[in-house]
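Structure below is target34.txt: compact mmCIF, C-alpha atoms.
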```txt
# COMPACT_ATOMS: atom_id res chain seq x y z
CA MET F 954 -22.26 -24.90 -107.03
CA ASP F 955 -21.89 -27.36 -104.18
CA GLU F 956 -24.18 -27.19 -101.15
CA PRO F 957 -21.52 -25.97 -98.65
CA THR F 958 -20.72 -23.02 -100.93
CA ARG F 959 -24.40 -22.19 -101.41
CA ALA F 960 -24.96 -22.44 -97.66
CA PHE F 961 -22.01 -20.11 -97.04
CA LEU F 962 -23.39 -17.46 -99.41
CA ILE F 963 -26.86 -17.75 -97.85
CA ARG F 964 -25.30 -17.31 -94.41
CA LEU F 965 -23.78 -14.03 -95.55
CA PHE F 966 -27.11 -12.86 -96.96
CA ASN F 967 -28.87 -13.76 -93.71
CA ALA F 968 -26.26 -11.85 -91.71
CA ALA F 969 -26.84 -8.79 -93.88
CA VAL F 970 -30.61 -9.01 -93.40
CA ALA F 971 -30.31 -9.59 -89.64
CA ALA F 972 -28.23 -6.41 -89.29
CA ALA F 973 -31.19 -4.46 -90.69
CA GLU F 974 -33.85 -6.18 -88.53
CA PRO F 975 -36.22 -3.36 -87.52
CA GLY F 976 -36.40 -4.01 -83.78
CA ALA F 977 -32.68 -4.12 -83.19
CA ALA F 978 -32.09 -1.25 -85.59
CA MET F 979 -34.65 1.12 -84.04
CA ALA F 980 -34.04 0.44 -80.34
CA PRO F 981 -31.16 2.95 -79.93
CA HIS F 982 -33.04 5.67 -81.83
CA LEU F 983 -36.36 6.03 -80.01
CA PRO F 984 -37.51 9.64 -79.56
CA GLU F 985 -38.46 11.30 -76.28
CA ARG F 986 -42.03 10.70 -75.11
CA PRO F 987 -44.36 13.58 -75.95
CA LYS F 988 -46.75 15.45 -73.67
CA GLY F 989 -49.53 14.65 -76.11
CA ARG F 990 -50.33 11.73 -78.39
CA THR F 991 -47.98 9.44 -80.32
CA ILE F 992 -49.02 8.89 -83.93
CA VAL F 993 -47.17 6.34 -86.05
CA ILE F 994 -47.18 6.52 -89.84
CA GLY F 995 -45.06 4.62 -92.30
CA ALA F 996 -44.49 3.36 -95.81
CA GLY F 997 -42.22 0.83 -97.46
CA LYS F 998 -41.51 -2.87 -97.84
CA GLY F 999 -40.35 -3.00 -94.22
CA ALA F 1000 -43.03 -0.70 -92.81
CA ALA F 1001 -45.20 -3.40 -91.19
CA GLN F 1002 -42.26 -5.07 -89.45
CA MET F 1003 -41.01 -1.66 -88.33
CA ALA F 1004 -44.48 -0.89 -86.93
CA ARG F 1005 -44.67 -4.20 -85.07
CA ALA F 1006 -41.19 -3.66 -83.61
CA PHE F 1007 -42.01 -0.09 -82.62
CA GLU F 1008 -45.10 -1.27 -80.74
CA ARG F 1009 -42.91 -3.64 -78.73
CA LEU F 1010 -40.36 -0.94 -77.97
CA TRP F 1011 -42.73 1.92 -77.10
CA ASP F 1012 -44.01 1.92 -73.50
CA ALA F 1013 -46.75 4.52 -73.98
CA PRO F 1014 -50.09 4.70 -75.82
CA LEU F 1015 -49.92 5.03 -79.60
CA GLN F 1016 -51.97 4.73 -82.74
CA GLY F 1017 -51.30 4.98 -86.45
CA VAL F 1018 -51.31 3.51 -89.92
CA VAL F 1019 -48.61 2.19 -92.27
CA VAL F 1020 -48.65 0.82 -95.81
CA THR F 1021 -46.53 -1.99 -97.23
CA ARG F 1022 -46.41 -4.17 -100.31
CA TYR F 1023 -48.97 -6.94 -100.82
CA GLY F 1024 -47.83 -9.99 -98.89
CA TYR F 1025 -45.45 -8.03 -96.64
CA GLY F 1026 -47.87 -7.34 -93.81
CA ALA F 1027 -47.37 -8.09 -90.12
CA GLU F 1028 -49.85 -8.23 -87.25
CA CYS F 1029 -49.92 -5.12 -85.06
CA ARG F 1030 -52.11 -4.32 -82.06
CA HIS F 1031 -52.53 -0.55 -82.34
CA ILE F 1032 -51.23 0.36 -85.79
CA ARG F 1033 -53.29 -0.38 -88.89
CA VAL F 1034 -51.33 -2.16 -91.61
CA LEU F 1035 -52.49 -1.52 -95.17
CA GLU F 1036 -51.17 -3.24 -98.28
CA ALA F 1037 -50.82 -1.91 -101.82
CA ALA F 1038 -49.09 -2.57 -105.13
CA HIS F 1039 -45.39 -2.27 -105.94
CA PRO F 1040 -43.62 -1.27 -108.20
CA VAL F 1041 -46.56 0.26 -110.07
CA PRO F 1042 -49.06 1.93 -107.69
CA ASP F 1043 -52.74 1.04 -107.47
CA SER F 1044 -55.98 2.32 -105.94
CA ALA F 1045 -55.16 0.67 -102.61
CA GLY F 1046 -52.02 2.79 -102.44
CA LEU F 1047 -54.06 5.89 -103.20
CA ALA F 1048 -56.40 5.05 -100.31
CA ALA F 1049 -53.38 4.42 -98.07
CA SER F 1050 -51.96 7.85 -98.87
CA GLN F 1051 -55.25 9.43 -97.86
CA ALA F 1052 -55.29 7.37 -94.66
CA LEU F 1053 -51.81 8.58 -93.70
CA LEU F 1054 -52.71 12.21 -94.38
CA ALA F 1055 -55.90 11.83 -92.32
CA GLU F 1056 -53.94 10.28 -89.44
CA VAL F 1057 -51.74 13.38 -89.06
CA ALA F 1058 -54.49 15.96 -89.51
CA GLY F 1059 -55.47 18.23 -86.61
CA LEU F 1060 -52.48 17.50 -84.35
CA SER F 1061 -51.07 19.87 -81.74
CA ALA F 1062 -47.55 21.02 -80.88
CA ASP F 1063 -47.60 18.56 -77.94
CA ASP F 1064 -48.10 15.55 -80.24
CA LEU F 1065 -45.40 13.34 -81.72
CA VAL F 1066 -45.48 11.77 -85.18
CA VAL F 1067 -43.11 8.86 -85.74
CA ALA F 1068 -42.58 8.16 -89.45
CA LEU F 1069 -41.29 4.64 -90.21
CA ILE F 1070 -39.85 4.80 -93.70
CA SER F 1071 -38.21 2.09 -95.81
CA GLY F 1072 -37.55 1.43 -99.47
CA GLY F 1073 -40.50 0.83 -101.77
CA GLY F 1074 -42.61 3.61 -100.28
CA SER F 1075 -42.55 5.66 -103.46
CA ALA F 1076 -44.82 3.22 -105.29
CA LEU F 1077 -46.92 2.53 -102.19
CA LEU F 1078 -47.86 6.21 -101.73
CA PRO F 1079 -49.49 7.44 -104.94
CA CYS F 1080 -51.10 10.82 -104.33
CA PRO F 1081 -51.27 12.89 -107.52
CA VAL F 1082 -51.42 16.67 -107.34
CA PRO F 1083 -54.63 18.38 -108.50
CA GLY F 1084 -55.03 18.02 -112.25
CA LEU F 1085 -53.48 14.54 -112.39
CA THR F 1086 -54.98 11.10 -111.75
CA LEU F 1087 -53.81 7.73 -110.48
CA ASP F 1088 -53.55 6.66 -114.13
CA ASP F 1089 -51.09 9.50 -114.70
CA GLU F 1090 -48.97 8.48 -111.72
CA GLN F 1091 -49.00 4.84 -112.87
CA ALA F 1092 -47.85 5.90 -116.34
CA VAL F 1093 -45.04 7.98 -114.84
CA ASN F 1094 -43.86 5.01 -112.78
CA ARG F 1095 -43.77 2.73 -115.81
CA VAL F 1096 -41.64 5.20 -117.74
CA LEU F 1097 -39.29 5.66 -114.78
CA LEU F 1098 -38.87 1.92 -114.25
CA ALA F 1099 -37.92 1.41 -117.91
CA SER F 1100 -35.66 4.47 -118.17
CA GLY F 1101 -32.45 3.19 -116.58
CA ALA F 1102 -32.33 6.34 -114.44
CA PRO F 1103 -30.86 6.09 -110.92
CA ILE F 1104 -33.22 6.12 -107.96
CA SER F 1105 -32.33 9.73 -107.10
CA VAL F 1106 -33.56 10.87 -110.52
CA MET F 1107 -36.72 8.77 -110.35
CA ASN F 1108 -37.60 10.15 -106.93
CA LEU F 1109 -36.84 13.72 -107.99
CA ILE F 1110 -39.48 13.40 -110.70
CA ARG F 1111 -41.98 11.60 -108.47
CA LYS F 1112 -41.83 14.40 -105.89
CA GLN F 1113 -42.90 17.04 -108.41
CA ILE F 1114 -46.27 15.42 -109.07
CA SER F 1115 -47.07 14.15 -105.56
CA ALA F 1116 -49.19 15.66 -102.80
CA ILE F 1117 -47.53 13.48 -100.13
CA LYS F 1118 -43.87 13.01 -101.10
CA GLY F 1119 -40.98 15.45 -100.73
CA GLY F 1120 -41.82 16.36 -97.13
CA ARG F 1121 -45.49 17.07 -97.75
CA LEU F 1122 -46.66 14.43 -95.27
CA ALA F 1123 -44.55 16.02 -92.53
CA ALA F 1124 -45.88 19.45 -93.45
CA ALA F 1125 -49.42 18.12 -93.07
CA ALA F 1126 -48.56 17.02 -89.51
CA HIS F 1127 -47.49 20.53 -88.40
CA PRO F 1128 -47.41 21.74 -85.61
CA ALA F 1129 -46.67 18.26 -84.25
CA ARG F 1130 -43.03 17.20 -83.97
CA VAL F 1131 -42.07 14.59 -86.58
CA VAL F 1132 -39.29 12.05 -85.98
CA THR F 1133 -38.44 9.93 -89.02
CA LEU F 1134 -36.76 6.53 -88.58
CA VAL F 1135 -35.32 5.32 -91.87
CA VAL F 1136 -34.20 1.93 -93.14
CA SER F 1137 -32.18 3.17 -96.10
CA ASP F 1138 -32.20 1.44 -99.47
CA VAL F 1139 -30.53 4.26 -101.43
CA PRO F 1140 -26.86 4.77 -102.29
CA GLY F 1141 -25.42 7.38 -99.96
CA ASP F 1142 -28.23 6.96 -97.40
CA ASP F 1143 -29.84 10.35 -98.06
CA PRO F 1144 -33.10 10.02 -96.06
CA ALA F 1145 -34.88 12.42 -98.40
CA GLN F 1146 -34.48 9.82 -101.16
CA VAL F 1147 -35.90 6.83 -99.30
CA ALA F 1148 -39.54 6.34 -100.40
CA SER F 1149 -39.24 9.80 -102.03
CA GLY F 1150 -39.05 11.39 -98.59
CA PRO F 1151 -42.70 11.79 -97.52
CA SER F 1152 -41.52 13.21 -94.18
CA VAL F 1153 -38.15 14.61 -95.30
CA PRO F 1154 -38.00 17.53 -97.77
CA ASP F 1155 -35.05 18.30 -100.05
CA ARG F 1156 -34.10 20.96 -102.59
CA GLY F 1157 -34.80 19.08 -105.83
CA ASP F 1158 -37.00 21.37 -107.92
CA ALA F 1159 -38.94 21.41 -111.17
CA ALA F 1160 -36.02 22.74 -113.21
CA GLN F 1161 -33.82 19.84 -112.09
CA ALA F 1162 -36.62 17.36 -112.85
CA LEU F 1163 -37.10 18.75 -116.35
CA ALA F 1164 -33.36 18.53 -117.02
CA ALA F 1165 -33.36 14.89 -115.88
CA ILE F 1166 -36.33 14.06 -118.10
CA LYS F 1167 -34.42 15.43 -121.08
CA ALA F 1168 -31.18 13.70 -120.12
CA TYR F 1169 -32.83 10.28 -119.89
CA CYS F 1170 -35.07 10.79 -122.95
CA MET F 1171 -38.27 10.22 -120.98
CA ALA F 1172 -41.65 10.92 -122.54
CA PHE F 1173 -44.60 11.94 -120.35
CA SER F 1174 -48.09 13.18 -121.18
CA PRO F 1175 -48.74 16.93 -121.62
CA ALA F 1176 -50.69 16.94 -118.33
CA VAL F 1177 -47.76 15.44 -116.42
CA MET F 1178 -45.27 17.84 -118.01
CA ALA F 1179 -47.48 20.80 -117.14
CA ALA F 1180 -47.74 19.61 -113.53
CA ILE F 1181 -43.97 19.25 -113.27
CA LYS F 1182 -43.35 22.72 -114.71
CA ALA F 1183 -45.78 24.20 -112.16
CA ALA F 1184 -44.51 22.17 -109.19
CA LYS F 1185 -43.52 23.87 -105.94
CA VAL F 1186 -41.80 21.45 -103.57
CA PRO F 1187 -41.56 22.24 -99.84
CA ASP F 1188 -38.50 24.20 -98.72
CA PRO F 1189 -36.40 22.30 -96.13
CA ASP F 1190 -35.81 25.64 -94.37
CA ASP F 1191 -39.53 26.26 -93.89
CA SER F 1192 -40.41 26.74 -90.22
CA VAL F 1193 -42.93 23.85 -90.35
CA PHE F 1194 -39.96 21.47 -90.35
CA ALA F 1195 -37.95 23.25 -87.64
CA ARG F 1196 -38.72 20.79 -84.81
CA ASN F 1197 -38.40 17.64 -86.92
CA SER F 1198 -35.52 15.17 -86.93
CA VAL F 1199 -34.35 12.22 -89.02
CA ARG F 1200 -32.40 9.10 -88.02
CA VAL F 1201 -31.09 6.45 -90.42
CA VAL F 1202 -31.36 3.29 -88.32
CA ALA F 1203 -30.20 0.69 -90.86
CA SER F 1204 -28.31 0.83 -94.14
CA ALA F 1205 -26.41 -1.21 -96.70
CA ARG F 1206 -23.12 -0.24 -95.05
CA GLN F 1207 -24.11 -1.87 -91.77
CA SER F 1208 -25.44 -4.96 -93.52
CA LEU F 1209 -22.33 -5.46 -95.64
CA GLU F 1210 -20.14 -5.08 -92.56
CA ALA F 1211 -22.21 -7.79 -90.83
CA ALA F 1212 -21.80 -10.08 -93.85
CA ALA F 1213 -18.06 -9.46 -93.86
CA SER F 1214 -17.86 -10.39 -90.18
CA ALA F 1215 -19.79 -13.60 -90.88
CA ALA F 1216 -17.38 -14.51 -93.67
CA GLU F 1217 -14.33 -13.89 -91.54
CA ALA F 1218 -15.83 -15.96 -88.71
CA ALA F 1219 -15.96 -18.80 -91.24
CA GLY F 1220 -12.29 -18.32 -92.08
CA ILE F 1221 -12.77 -16.48 -95.39
CA ASN F 1222 -11.29 -13.03 -95.92
CA ALA F 1223 -13.90 -10.45 -96.95
CA VAL F 1224 -13.60 -7.15 -98.81
CA ILE F 1225 -16.33 -4.58 -99.36
CA LEU F 1226 -16.05 -2.82 -102.71
CA SER F 1227 -18.77 -0.27 -101.95
CA ASP F 1228 -22.21 0.02 -100.40
CA ALA F 1229 -23.33 2.61 -102.99
CA ILE F 1230 -22.77 1.09 -106.44
CA GLU F 1231 -25.06 2.42 -109.16
CA GLY F 1232 -25.17 1.98 -112.93
CA GLU F 1233 -26.56 -0.38 -115.52
CA ALA F 1234 -26.89 -3.80 -113.87
CA ARG F 1235 -25.30 -5.80 -116.68
CA GLU F 1236 -22.33 -3.44 -116.88
CA VAL F 1237 -21.82 -3.60 -113.12
CA GLY F 1238 -21.96 -7.39 -113.43
CA ARG F 1239 -19.22 -7.39 -116.06
CA VAL F 1240 -16.98 -5.18 -113.90
CA HIS F 1241 -17.47 -7.43 -110.89
CA ALA F 1242 -16.67 -10.43 -113.08
CA ALA F 1243 -13.45 -8.78 -114.28
CA ILE F 1244 -12.34 -8.23 -110.68
CA ALA F 1245 -13.19 -11.82 -109.77
CA ARG F 1246 -11.26 -13.16 -112.78
CA GLU F 1247 -8.24 -11.05 -111.84
CA VAL F 1248 -8.31 -12.52 -108.35
CA ALA F 1249 -8.74 -16.06 -109.68
CA PHE F 1250 -5.92 -15.79 -112.23
CA ARG F 1251 -3.43 -13.44 -110.57
CA ASN F 1252 -4.30 -13.08 -106.88
CA ARG F 1253 -4.85 -9.34 -107.25
CA PRO F 1254 -6.17 -6.92 -106.13
CA PHE F 1255 -7.13 -9.42 -103.39
CA ARG F 1256 -5.61 -12.78 -102.48
CA LYS F 1257 -7.85 -15.81 -102.64
CA PRO F 1258 -9.72 -17.31 -100.95
CA VAL F 1259 -11.79 -14.16 -100.60
CA VAL F 1260 -15.40 -13.07 -100.77
CA ILE F 1261 -16.08 -9.76 -102.51
CA LEU F 1262 -19.13 -7.90 -101.16
CA SER F 1263 -20.98 -4.93 -102.60
CA GLY F 1264 -24.31 -3.13 -102.33
CA GLY F 1265 -26.19 -0.17 -103.73
CA GLU F 1266 -28.87 -0.01 -106.39
CA THR F 1267 -28.22 -0.76 -110.04
CA THR F 1268 -30.70 -0.03 -112.80
CA VAL F 1269 -32.04 -1.85 -115.84
CA THR F 1270 -32.88 -0.09 -119.08
CA LEU F 1271 -35.68 -2.24 -120.46
CA LYS F 1272 -35.30 -3.18 -124.11
CA GLY F 1273 -36.88 -6.63 -124.04
CA LYS F 1274 -40.05 -8.09 -122.55
CA GLY F 1275 -38.56 -10.74 -120.31
CA ARG F 1276 -38.94 -11.32 -116.60
CA GLY F 1277 -36.49 -10.60 -113.83
CA GLY F 1278 -34.90 -7.78 -111.87
CA ARG F 1279 -31.67 -5.88 -111.52
CA ASN F 1280 -29.95 -8.52 -109.35
CA THR F 1281 -30.60 -11.38 -111.74
CA GLU F 1282 -29.61 -9.17 -114.68
CA PHE F 1283 -26.35 -8.34 -112.88
CA LEU F 1284 -25.76 -12.02 -112.19
CA LEU F 1285 -26.49 -13.22 -115.71
CA ALA F 1286 -23.94 -10.77 -117.11
CA LEU F 1287 -21.45 -12.00 -114.52
CA ALA F 1288 -22.21 -15.65 -115.33
CA LEU F 1289 -21.47 -15.08 -119.01
CA ALA F 1290 -18.14 -13.45 -118.12
CA ILE F 1291 -17.01 -16.28 -115.79
CA ASP F 1292 -18.21 -19.15 -117.98
CA GLY F 1293 -16.02 -22.21 -117.40
CA MET F 1294 -14.27 -20.88 -114.29
CA ASP F 1295 -14.72 -23.34 -111.42
CA ALA F 1296 -13.22 -21.09 -108.74
CA ILE F 1297 -15.89 -18.34 -108.81
CA ASN F 1298 -19.29 -18.59 -107.09
CA ALA F 1299 -21.76 -15.74 -106.59
CA LEU F 1300 -25.07 -14.72 -105.06
CA ALA F 1301 -26.88 -11.51 -105.96
CA ALA F 1302 -30.18 -10.72 -104.23
CA ASP F 1303 -32.39 -7.93 -103.01
CA THR F 1304 -32.46 -7.72 -99.21
CA ASP F 1305 -36.24 -7.26 -99.19
CA GLY F 1306 -36.68 -10.75 -100.62
CA ILE F 1307 -38.05 -9.77 -104.05
CA ASP F 1308 -36.06 -8.87 -107.16
CA GLY F 1309 -38.14 -7.40 -109.95
CA SER F 1310 -41.21 -9.07 -111.35
CA GLU F 1311 -41.20 -12.54 -109.76
CA ASP F 1312 -41.02 -14.11 -106.28
CA ASN F 1313 -37.24 -14.63 -106.12
CA ALA F 1314 -34.81 -12.34 -104.30
CA GLY F 1315 -32.09 -13.13 -106.81
CA ALA F 1316 -30.06 -16.15 -107.85
CA PHE F 1317 -26.78 -18.07 -107.62
CA ALA F 1318 -24.18 -18.34 -110.38
CA ASP F 1319 -20.86 -20.09 -110.96
CA GLY F 1320 -18.65 -21.12 -113.84
CA ALA F 1321 -21.11 -23.83 -114.91
CA THR F 1322 -24.26 -21.68 -114.96
CA VAL F 1323 -24.14 -20.80 -118.66
CA ALA F 1324 -23.59 -24.46 -119.57
CA ARG F 1325 -26.67 -25.44 -117.53
CA ILE F 1326 -28.73 -22.82 -119.33
CA ARG F 1327 -27.44 -24.12 -122.66
CA ARG F 1328 -28.36 -27.71 -121.74
CA ALA F 1329 -31.90 -26.49 -121.10
CA GLY F 1330 -32.02 -25.36 -124.73
CA LEU F 1331 -31.64 -21.63 -124.05
CA ASP F 1332 -29.10 -18.98 -125.03
CA ALA F 1333 -27.87 -17.00 -121.99
CA GLY F 1334 -26.69 -14.09 -124.13
CA ALA F 1335 -30.02 -13.81 -125.92
CA LEU F 1336 -31.88 -13.94 -122.60
CA LEU F 1337 -29.73 -11.10 -121.24
CA ALA F 1338 -30.44 -9.03 -124.34
CA ALA F 1339 -34.17 -9.60 -123.78
CA ASN F 1340 -34.01 -8.65 -120.07
CA ASP F 1341 -35.12 -12.23 -119.31
CA ALA F 1342 -32.66 -13.18 -116.56
CA TRP F 1343 -35.39 -14.91 -114.56
CA ALA F 1344 -35.89 -17.45 -117.35
CA ALA F 1345 -32.15 -18.11 -117.45
CA PHE F 1346 -31.81 -18.88 -113.75
CA HIS F 1347 -35.10 -20.77 -113.69
CA ALA F 1348 -33.69 -23.02 -116.41
CA ALA F 1349 -30.46 -23.41 -114.42
CA ASP F 1350 -32.49 -24.16 -111.28
CA THR F 1351 -30.52 -21.61 -109.24
CA LEU F 1352 -33.12 -19.01 -108.25
CA PHE F 1353 -32.89 -17.80 -104.65
CA VAL F 1354 -36.34 -17.53 -102.99
CA PRO F 1355 -36.11 -16.67 -99.27
CA GLY F 1356 -39.48 -14.86 -99.16
CA PRO F 1357 -40.14 -11.37 -97.75
CA THR F 1358 -37.51 -10.44 -95.18
CA GLY F 1359 -39.23 -7.54 -93.42
CA THR F 1360 -36.49 -5.04 -94.23
CA ASN F 1361 -34.90 -3.40 -97.27
CA VAL F 1362 -31.34 -2.13 -97.61
CA ASN F 1363 -31.27 -2.89 -101.33
CA ASP F 1364 -28.86 -4.98 -103.40
CA PHE F 1365 -26.61 -7.59 -101.81
CA ARG F 1366 -23.83 -9.16 -103.85
CA ALA F 1367 -21.32 -11.76 -102.68
CA ILE F 1368 -18.68 -13.29 -104.97
CA LEU F 1369 -16.57 -16.09 -103.50
CA ILE F 1370 -13.26 -16.90 -105.19
CA ARG F 1371 -11.67 -20.13 -103.95
```

Can you give me the file's structure in the form of structure tokens?
Amino acid sequence: MDEPTRAFLIRLFNAAVAAAEPGAAMAPHLPERPKGRTIVIGAGKGAAQMARAFERLWDAPLQGVVVTRYGYGAECRHIRVLEAAHPVPDSAGLAASQALLAEVAGLSADDLVVALISGGGSALLPCPVPGLTLDDEQAVNRVLLASGAPISVMNLIRKQISAIKGGRLAAAAHPARVVTLVVSDVPGDDPAQVASGPSVPDRGDAAQALAAIKAYCMAFSPAVMAAIKAAKVPDPDDSVFARNSVRVVASARQSLEAAASAAEAAGINAVILSDAIEGEAREVGRVHAAIAREVAFRNRPFRKPVVILSGGETTVTLKGKGRGGRNTEFLLALALAIDGMDAINALAADTDGIDGSEDNAGAFADGATVARIRRAGLDAGALLAANDAWAAFHAADTLFVPGPTGTNVNDFRAILIR
């Protein structure tokens, strides 16, 4: 891939990230000032940047605490920023959950709680129900991450065994009014799914969780299964939530539209397939490759030159022990399907700056990627089978490493057909 093409794809990624920048995203959605105190709580990969932006925007006293992933912190004056592990929770996350619950304890009806929620908060807020331990919650997360289940299913199960998710944090803040500002990383932008909805309840219950466990052939310990069977999630119609409100301030849709505008400003037509694509990453990669090949060979369903954009959250069913994430797995499958085609160039990356187990957000691929991997002495097909996409793109020297972005609207995919 030549440098102008790589720079073009990076420009689209940067436009997508900029559209989800917390300060600009939250400014139109600030709540009314309360008679009492303003308490800020938050969780997610973008929580620290959201907290810093909120401090700049809010012209009244405030205090609070948020938790983000290690290395994703930002300096705040009045809001404590804690860091914890992702994607498997740790003891720091457990302490952060307790800190958030303590922050909202003892409030009055005159107080306001502002919840700043972004993707990644599920792992950052471990808080097992009585009878379970942090070890149990860690084991559940490992099974979920390897299951290939969509994020909605994973979060449904997480909520059953949590004392903070599924609206329980908002319930703990009652009688204060809770306003939740969400940077959405989930297909469909259901705020109850982002970070497993600590401040937003939904109707997913134990029976649905048990059906999902069976459908995805998950195996949990007897203690976890007993806790799920006994779970009672908060009812969204409960009066404790009556004064609360939720606002999605940034999403994949907005980011993809910004990327499309950037492409068209550069003279390249842009089409958005969808902002809510789910499914097995390698299969989604093959479908995208088929569309790109059809454009390259037959100028349909879109005429070239064109950049095809999509977002959402794919999944990876782990069968091997390699390194990588869903975006690199998507891209390696696509690279295999476009091998030898000079006209197709692609970038797939996570908008939070990290894809899976390493420090890259994703990678670049073109028709020569598989050949470069082969010259390095590796077999791209075997690496895909082993879930080792990181090794493939490391060998090809095409990893994309922008660093933490301070936001998270999930997968970003751009395929340019010349």

Residue nearest Arg1130 of chain F - candidates F:Ser1105, F:Ser1149, F:Ser1310, F:Asn1197, atoms counted: only C-alpha atoms: F:Asn1197

Determine, for each residue of segment 1127-1170 of chain F having at least one atom at most 12 Å from an atom of segment 1296-1308 of chain F, the closest pair of atoms and their separation in Å to one decimal, counting all atoms listed in the file; order by chain and ascending number, as a Markdown table.
```
| residue | atom | partner | partner_atom | distance |
| --- | --- | --- | --- | --- |
| F:Val1136 | CA | F:Asp1305 | CA | 11.2 |
| F:Ser1137 | CA | F:Thr1304 | CA | 11.3 |
| F:Asp1138 | CA | F:Thr1304 | CA | 9.2 |
```

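Closest approach to Asp1312 of chain F among F:Val1034, F:Ala1048, F:Val1354, F:Val1202 is made by F:Val1354 (distances from only C-alpha atoms).
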
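Among the candidate residues F:Val1240, F:Leu1209, F:Leu983, F:Ala1195, the one lying nearest to Asp1012 of chain F is F:Leu983, with distances computed using all atoms listed in the file.
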
Return as a Markdown table the residues of segment 1195-1230 of chain F lying at most 8 Å from segment 958-973 of chain F, together with the closest atom-to-atom pair for each and the distance in Å to one decimal, counting only C-alpha atoms, with rows in chain order and ascending residue number.
```
| residue | atom | partner | partner_atom | distance |
| --- | --- | --- | --- | --- |
| F:Ala1203 | CA | F:Ala973 | CA | 5.2 |
| F:Ser1204 | CA | F:Ala973 | CA | 6.9 |
| F:Gln1207 | CA | F:Ala972 | CA | 6.6 |
| F:Ser1208 | CA | F:Ala969 | CA | 4.1 |
| F:Leu1209 | CA | F:Ala969 | CA | 5.9 |
| F:Glu1210 | CA | F:Ala969 | CA | 7.8 |
| F:Ala1211 | CA | F:Ala969 | CA | 5.6 |
| F:Ala1212 | CA | F:Leu965 | CA | 4.7 |
| F:Ala1213 | CA | F:Leu965 | CA | 7.5 |
| F:Ala1215 | CA | F:Leu965 | CA | 6.2 |
| F:Ala1216 | CA | F:Leu965 | CA | 6.7 |
```

Start from the incomplete input, build N, CA and C atoms for segment 1286-1300 of chain F, and deliver everything as a short mmCIF file (atom, residue, chain, number, x, y, z; two decimals), in the coordinates of the input.
```
data_model
loop_
_atom_site.label_atom_id
_atom_site.label_comp_id
_atom_site.auth_asym_id
_atom_site.auth_seq_id
_atom_site.Cartn_x
_atom_site.Cartn_y
_atom_site.Cartn_z
N ALA F 1286 -25.10 -11.36 -116.45
CA ALA F 1286 -23.94 -10.77 -117.11
C ALA F 1286 -22.65 -11.32 -116.51
N LEU F 1287 -22.62 -11.45 -115.18
CA LEU F 1287 -21.45 -12.00 -114.52
C LEU F 1287 -21.24 -13.46 -114.92
N ALA F 1288 -22.32 -14.23 -114.98
CA ALA F 1288 -22.21 -15.65 -115.33
C ALA F 1288 -21.61 -15.83 -116.73
N LEU F 1289 -22.02 -15.00 -117.66
CA LEU F 1289 -21.47 -15.08 -119.01
C LEU F 1289 -19.97 -14.78 -119.02
N ALA F 1290 -19.55 -13.86 -118.14
CA ALA F 1290 -18.14 -13.45 -118.12
C ALA F 1290 -17.24 -14.42 -117.36
N ILE F 1291 -17.83 -15.30 -116.53
CA ILE F 1291 -17.01 -16.28 -115.79
C ILE F 1291 -17.26 -17.70 -116.29
N ASP F 1292 -17.86 -17.83 -117.44
CA ASP F 1292 -18.21 -19.15 -117.98
C ASP F 1292 -16.97 -20.05 -118.02
N GLY F 1293 -17.10 -21.24 -117.41
CA GLY F 1293 -16.02 -22.21 -117.40
C GLY F 1293 -15.04 -22.08 -116.27
N MET F 1294 -15.21 -21.09 -115.40
CA MET F 1294 -14.27 -20.88 -114.29
C MET F 1294 -14.81 -21.51 -113.01
N ASP F 1295 -14.21 -22.59 -112.57
CA ASP F 1295 -14.72 -23.34 -111.42
C ASP F 1295 -14.52 -22.62 -110.09
N ALA F 1296 -13.60 -21.68 -110.03
CA ALA F 1296 -13.22 -21.09 -108.74
C ALA F 1296 -14.16 -19.99 -108.27
N ILE F 1297 -15.07 -19.52 -109.14
CA ILE F 1297 -15.89 -18.34 -108.81
C ILE F 1297 -17.34 -18.76 -108.59
N ASN F 1298 -17.89 -18.32 -107.45
CA ASN F 1298 -19.29 -18.59 -107.09
C ASN F 1298 -19.91 -17.29 -106.59
N ALA F 1299 -21.17 -17.04 -106.94
CA ALA F 1299 -21.76 -15.74 -106.59
C ALA F 1299 -23.24 -15.86 -106.23
N LEU F 1300 -23.66 -14.93 -105.38
CA LEU F 1300 -25.07 -14.72 -105.06
C LEU F 1300 -25.34 -13.24 -105.19
#
```
